[in-house]
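Worksheet: the structure to be examined is printed underneath.
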Amino acid sequence: MSIDVSGIKEGQRKMWSIGDYPDIALRIAEVGERVVERAGAGPGETLLDVATGSGNVAIPAAQRGASVTGLDLTPELLEAARRRAADVGVDVRWIEGDAEELPFEDNSFDRVTSSFGVMFAPRHEQAAGELSRVARPGGTITFTAWTPEGLNGRMFMTVGSYMPAPPPELKPPVMWGNEDHVRSLFADTGAELTFERRMVAFTHDSPESWVEYNERVLGPTIMAKAALEPQGRWNDLKDELTALYRDNNEADDGTFRMQAEYLLTVAQMPA
């Protein structure tokens with residue numbers, strides 16, 4: 001049975017166009033800065049940011065003097081990225097495109113990056129192959145993904161447990177946050193891989209208000225609610241998510257603070 005990849009990607013376009021992902025992206029802007037630093041972006045370097053979203057990597061890379069291209073599947077996110085770039089006065093080439101079919105020649109970029117973006121490409125091997133293909137010899141590929149065992153990884157897995165199971169050939173996005181899986185994706189490239197496990201903090205008024213915020217702004221949660229509410233199952237998922245955040249709340253003053261773990265990978269391509 002063949003996989004309807006085009007249908008999956010159309011669903012992803014919808015998922016990331018609803019709500020307000022750019023607002024969430026501002027909460028993890030520090031990760032984009034770290035990706036730019038680890039990538040070594042600067043003057044004279046060409047950089048491609050894959051699944052750029054609203055520009056968390058592309059914009060600070062351009063501010064450092066790199067010649068930057070940002071690519072994303074979702075036009076609405078690219079529009080948000082254009083506005084952010086204009087606000088800070090940097091030039092970035094924005095392209096609507098697919099991480100699994102990058103519209104560039106082989107060996108086109110000194111630096112290739114992705115922050116919580118390429119992890120959502122349905123076919124991991126295909127996407128990793130494209131990142132490697134467009135990176136120049138001696139260049140770097142730098143990307144982040146939520147770890148499966150981290151709080152955001154557990155959130156995505158909890159939501160997924162209520163939704164129809166994807167084809168078994170398609171691995172969960174959070175596997176990009178597993179070192180062994182990433183090694184398997186780049187095993188044939190000759191790249192030298194280094195890994196860092198890091199944390200980024202999320203805060204809100206309370207665990208309950210954090211779940212309600214995600215109901216309004218985070219595409220996967222919005223779509224889960226739309227699918228489950230008519231079945232009478234949304235409140236069950238909402239209760240599970242609330243319990244997850246309550247159990248892992250680090251704040252002791254009635255507010256909410258959590259640390260979400262992610263994996264930062266740098267692939268140094270052979271010269």
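Residues are named by chain letter and number: chains run A, B, ... in the order of the structure tokens, numbers start at 1 in each chain, and ligands are numbered from 1 in the order shown.
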Would you list the contacts of stretch 239-253 of chain A as JSON, numbers by chain, taking every protein, DNA or RNA residue within 8 Å and counting only C-alpha atoms, but skipping same-chain residues closer than 6 positions in sequence? {"A": [155, 158, 207, 208, 211]}
Those residues with all heavy atoms, as a short mmCIF file (atom, residue, chain, number, x, y, z; two decimals), in the first residue's frame please?
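Saved as part.cif:
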```
data_model
loop_
_atom_site.label_atom_id
_atom_site.label_comp_id
_atom_site.auth_asym_id
_atom_site.auth_seq_id
_atom_site.Cartn_x
_atom_site.Cartn_y
_atom_site.Cartn_z
N MET A 155 4.61 15.33 25.02
CA MET A 155 3.36 15.98 24.63
C MET A 155 2.92 15.52 23.24
O MET A 155 1.76 15.14 23.02
CB MET A 155 3.54 17.49 24.66
CG MET A 155 2.31 18.28 24.20
SD MET A 155 2.23 18.56 22.40
CE MET A 155 3.55 19.74 22.19
N THR A 158 1.71 11.99 23.37
CA THR A 158 0.41 11.90 24.02
C THR A 158 -0.70 12.29 23.05
O THR A 158 -1.72 11.58 22.92
CB THR A 158 0.36 12.79 25.27
OG1 THR A 158 1.36 12.37 26.19
CG2 THR A 158 -1.00 12.72 25.95
N PRO A 207 -0.38 25.57 34.70
CA PRO A 207 -0.43 24.46 33.76
C PRO A 207 -1.72 24.45 32.94
O PRO A 207 -1.70 24.15 31.73
CB PRO A 207 -0.34 23.22 34.67
CG PRO A 207 0.37 23.70 35.89
CD PRO A 207 -0.08 25.13 36.08
N GLU A 208 -2.82 24.80 33.58
CA GLU A 208 -4.10 24.81 32.87
C GLU A 208 -4.13 25.88 31.78
O GLU A 208 -4.60 25.63 30.66
CB GLU A 208 -5.25 25.05 33.87
CG GLU A 208 -5.45 23.93 34.87
CD GLU A 208 -4.45 23.95 36.03
OE1 GLU A 208 -3.68 24.93 36.16
OE2 GLU A 208 -4.46 22.99 36.82
N VAL A 211 -2.13 24.79 28.67
CA VAL A 211 -2.89 23.91 27.78
C VAL A 211 -3.89 24.72 26.96
O VAL A 211 -4.03 24.52 25.74
CB VAL A 211 -3.60 22.80 28.57
CG1 VAL A 211 -4.49 21.96 27.65
CG2 VAL A 211 -2.57 21.90 29.26
#
```
Which residues of stretch 16-47 of chain A have any atom within 12 Å of an atom in stretch 9-12 of chain A when counting only C-alpha atoms, and what is the closest pair of atoms for each, with the distance in Å to one decimal? Order the rows by chain and rising number and write it as a Markdown table.
```
| residue | atom | partner | partner_atom | distance |
| --- | --- | --- | --- | --- |
| A:Trp16 | CA | A:Gln12 | CA | 6.2 |
| A:Ser17 | CA | A:Gln12 | CA | 8.4 |
| A:Ile18 | CA | A:Gln12 | CA | 10.2 |
```
Which residues of stretch 92-161 of chain A come within 12 Å of stretch 175-188 of chain A, and what is each one's closest atom pair and distance in Å (one decimal), counting only C-alpha atoms, sorted by chain and residue number, as a Markdown table?
```
| residue | atom | partner | partner_atom | distance |
| --- | --- | --- | --- | --- |
| A:Ser114 | CA | A:Trp176 | CA | 11.3 |
| A:Ser115 | CA | A:Trp176 | CA | 11.1 |
| A:Phe116 | CA | A:Trp176 | CA | 9.2 |
| A:Gly117 | CA | A:Trp176 | CA | 10.2 |
| A:Val118 | CA | A:Trp176 | CA | 8.6 |
| A:Met119 | CA | A:Trp176 | CA | 5.7 |
| A:Phe120 | CA | A:Trp176 | CA | 8.9 |
| A:Ala121 | CA | A:Trp176 | CA | 10.2 |
| A:Pro122 | CA | A:Trp176 | CA | 11.4 |
| A:Arg123 | CA | A:Leu185 | CA | 10.6 |
| A:His124 | CA | A:Leu185 | CA | 7.3 |
| A:Glu125 | CA | A:Leu185 | CA | 5.7 |
| A:Gln126 | CA | A:Leu185 | CA | 9.0 |
| A:Ala127 | CA | A:Leu185 | CA | 9.1 |
| A:Ala128 | CA | A:Leu185 | CA | 6.2 |
| A:Gly129 | CA | A:Phe186 | CA | 7.7 |
| A:Glu130 | CA | A:Phe186 | CA | 10.8 |
| A:Leu131 | CA | A:Phe186 | CA | 9.8 |
| A:Ser132 | CA | A:Phe186 | CA | 8.1 |
| A:Arg133 | CA | A:Phe186 | CA | 11.1 |
| A:Ile141 | CA | A:Phe186 | CA | 10.6 |
| A:Thr142 | CA | A:Val182 | CA | 11.8 |
| A:Phe143 | CA | A:Trp176 | CA | 9.1 |
| A:Thr144 | CA | A:Gly177 | CA | 7.3 |
| A:Ala145 | CA | A:Gly177 | CA | 4.9 |
| A:Trp146 | CA | A:Gly177 | CA | 5.3 |
| A:Thr147 | CA | A:Gly177 | CA | 4.1 |
| A:Pro148 | CA | A:Gly177 | CA | 6.4 |
| A:Glu149 | CA | A:Gly177 | CA | 9.0 |
| A:Gly150 | CA | A:Gly177 | CA | 9.3 |
| A:Asn152 | CA | A:Gly177 | CA | 11.0 |
| A:Gly153 | CA | A:Gly177 | CA | 8.6 |
| A:Arg154 | CA | A:Met175 | CA | 11.7 |
| A:Phe156 | CA | A:Met175 | CA | 11.4 |
| A:Met157 | CA | A:Met175 | CA | 10.9 |
```
Would you return as a PyMOL selection string the members of stretch 138-185 of chain A that DSSP assigns to alpha helix (DSSP H) on this structure's backbone? chain A and resi 151-161+179-185
Quick one: pull the distance between atom CA of A:Ala61 and atom CA of A:Ala260, Å, one decimal.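 If I compute the distance from atom CA of A:Ala61 to atom CA of A:Ala260, I get 23.8 Å.
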Within stretch 20-267 of chain A, find each residue whose DSSP state, derived from the backbone, is strand (DSSP E), and express the selection as a ChimeraX atom specification. /A:46-50,67-72,93-96,109-115,135-146,192-204,256-267
Measuring atom to atom with only C-alpha atoms, identify which of A:Thr46, A:Ser67, A:Asn56, A:Gln231 is nearest to A:Asp23.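 Under the stated criterion, the closest residue is A:Asn56.
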Considering only C-alpha atoms, state which residue in the set A:Met258, A:Val57, A:Leu48, A:Ala62 is at the smallest distance from A:Ile95.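 Counting only C-alpha atoms, the residue closest to A:Ile95 is A:Leu48.
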With only C-alpha atoms counted and 10 Å as the cut-off, give the residues of stretch 86-178 of chain A in contact with stretch 71-82 of chain A, each with its shortest interatomic distance in Å and the pair that gives it, as a Markdown table.
```
| residue | atom | partner | partner_atom | distance |
| --- | --- | --- | --- | --- |
| A:Ala86 | CA | A:Arg82 | CA | 6.1 |
| A:Asp87 | CA | A:Arg82 | CA | 8.6 |
| A:Val90 | CA | A:Arg82 | CA | 9.5 |
| A:Asp91 | CA | A:Arg82 | CA | 9.0 |
| A:Val92 | CA | A:Arg82 | CA | 8.0 |
| A:Arg93 | CA | A:Leu71 | CA | 8.4 |
| A:Trp94 | CA | A:Leu71 | CA | 5.9 |
| A:Ile95 | CA | A:Leu71 | CA | 4.8 |
| A:Glu96 | CA | A:Asp72 | CA | 5.2 |
| A:Gly97 | CA | A:Leu73 | CA | 5.1 |
| A:Asp98 | CA | A:Leu73 | CA | 5.5 |
| A:Ala99 | CA | A:Asp72 | CA | 7.6 |
| A:Leu102 | CA | A:Leu71 | CA | 8.6 |
| A:Pro103 | CA | A:Leu71 | CA | 9.5 |
| A:Ser114 | CA | A:Leu71 | CA | 9.8 |
| A:Gly117 | CA | A:Asp72 | CA | 8.7 |
| A:Val118 | CA | A:Asp72 | CA | 9.5 |
| A:Ala121 | CA | A:Leu73 | CA | 10.0 |
```
With C-alpha atoms retained, write the just-selected residues as a JSON list (two decimals), in the first residue's frame.
```json
[["chain", "number", "residue", "atom", "x", "y", "z"],
["A", 86, "ALA", "CA", 11.64, 43.70, 7.48],
["A", 87, "ASP", "CA", 11.20, 44.86, 11.08],
["A", 90, "VAL", "CA", 17.73, 42.24, 7.03],
["A", 91, "ASP", "CA", 17.48, 40.67, 3.58],
["A", 92, "VAL", "CA", 16.60, 36.99, 3.35],
["A", 93, "ARG", "CA", 15.53, 35.08, 0.26],
["A", 94, "TRP", "CA", 12.26, 33.35, 1.21],
["A", 95, "ILE", "CA", 11.15, 30.34, -0.84],
["A", 96, "GLU", "CA", 8.07, 28.15, -0.57],
["A", 97, "GLY", "CA", 9.35, 24.61, -0.86],
["A", 98, "ASP", "CA", 9.53, 21.06, 0.43],
["A", 99, "ALA", "CA", 12.27, 19.74, 2.75],
["A", 102, "LEU", "CA", 14.87, 20.97, -2.06],
["A", 103, "PRO", "CA", 14.89, 23.13, -5.21],
["A", 114, "SER", "CA", 16.75, 23.61, 10.67],
["A", 117, "GLY", "CA", 11.39, 22.09, 11.35],
["A", 118, "VAL", "CA", 12.82, 19.27, 9.24],
["A", 121, "ALA", "CA", 9.12, 15.91, 7.18]]
```
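What separates atom CA of A:Ile24 from atom CA of A:Leu193 is a distance of 28.7 Å.
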Measuring between only C-alpha atoms, which one of A:Val159, A:Val31, A:Thr189, A:Gly65 shows the shortest distance to A:Tyr262?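 Ranking A:Val159, A:Val31, A:Thr189, A:Gly65 by distance to A:Tyr262, first place goes to A:Val31.
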Would you pick out the contacts of A:Ser108 at 7 Å or less, using only C-alpha atoms, so that residues sharing its chain but fewer than 3 positions from it are not included, and give the list as a list in words? Phe104, Glu105, Val134, Ala135 and Arg136 of chain A
Work out how far apart atom CA of A:Ala227 and atom CA of A:Arg13 are and give it in Å to one decimal.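 One can read the atom CA of A:Ala227 to atom CA of A:Arg13 distance as 16.7 Å.
Of the listed residues A:Asp205, A:Glu37, A:Glu229, A:Glu101, the one whose atoms come nearest to A:Met163 is A:Glu229, with distances taken using only C-alpha atoms.
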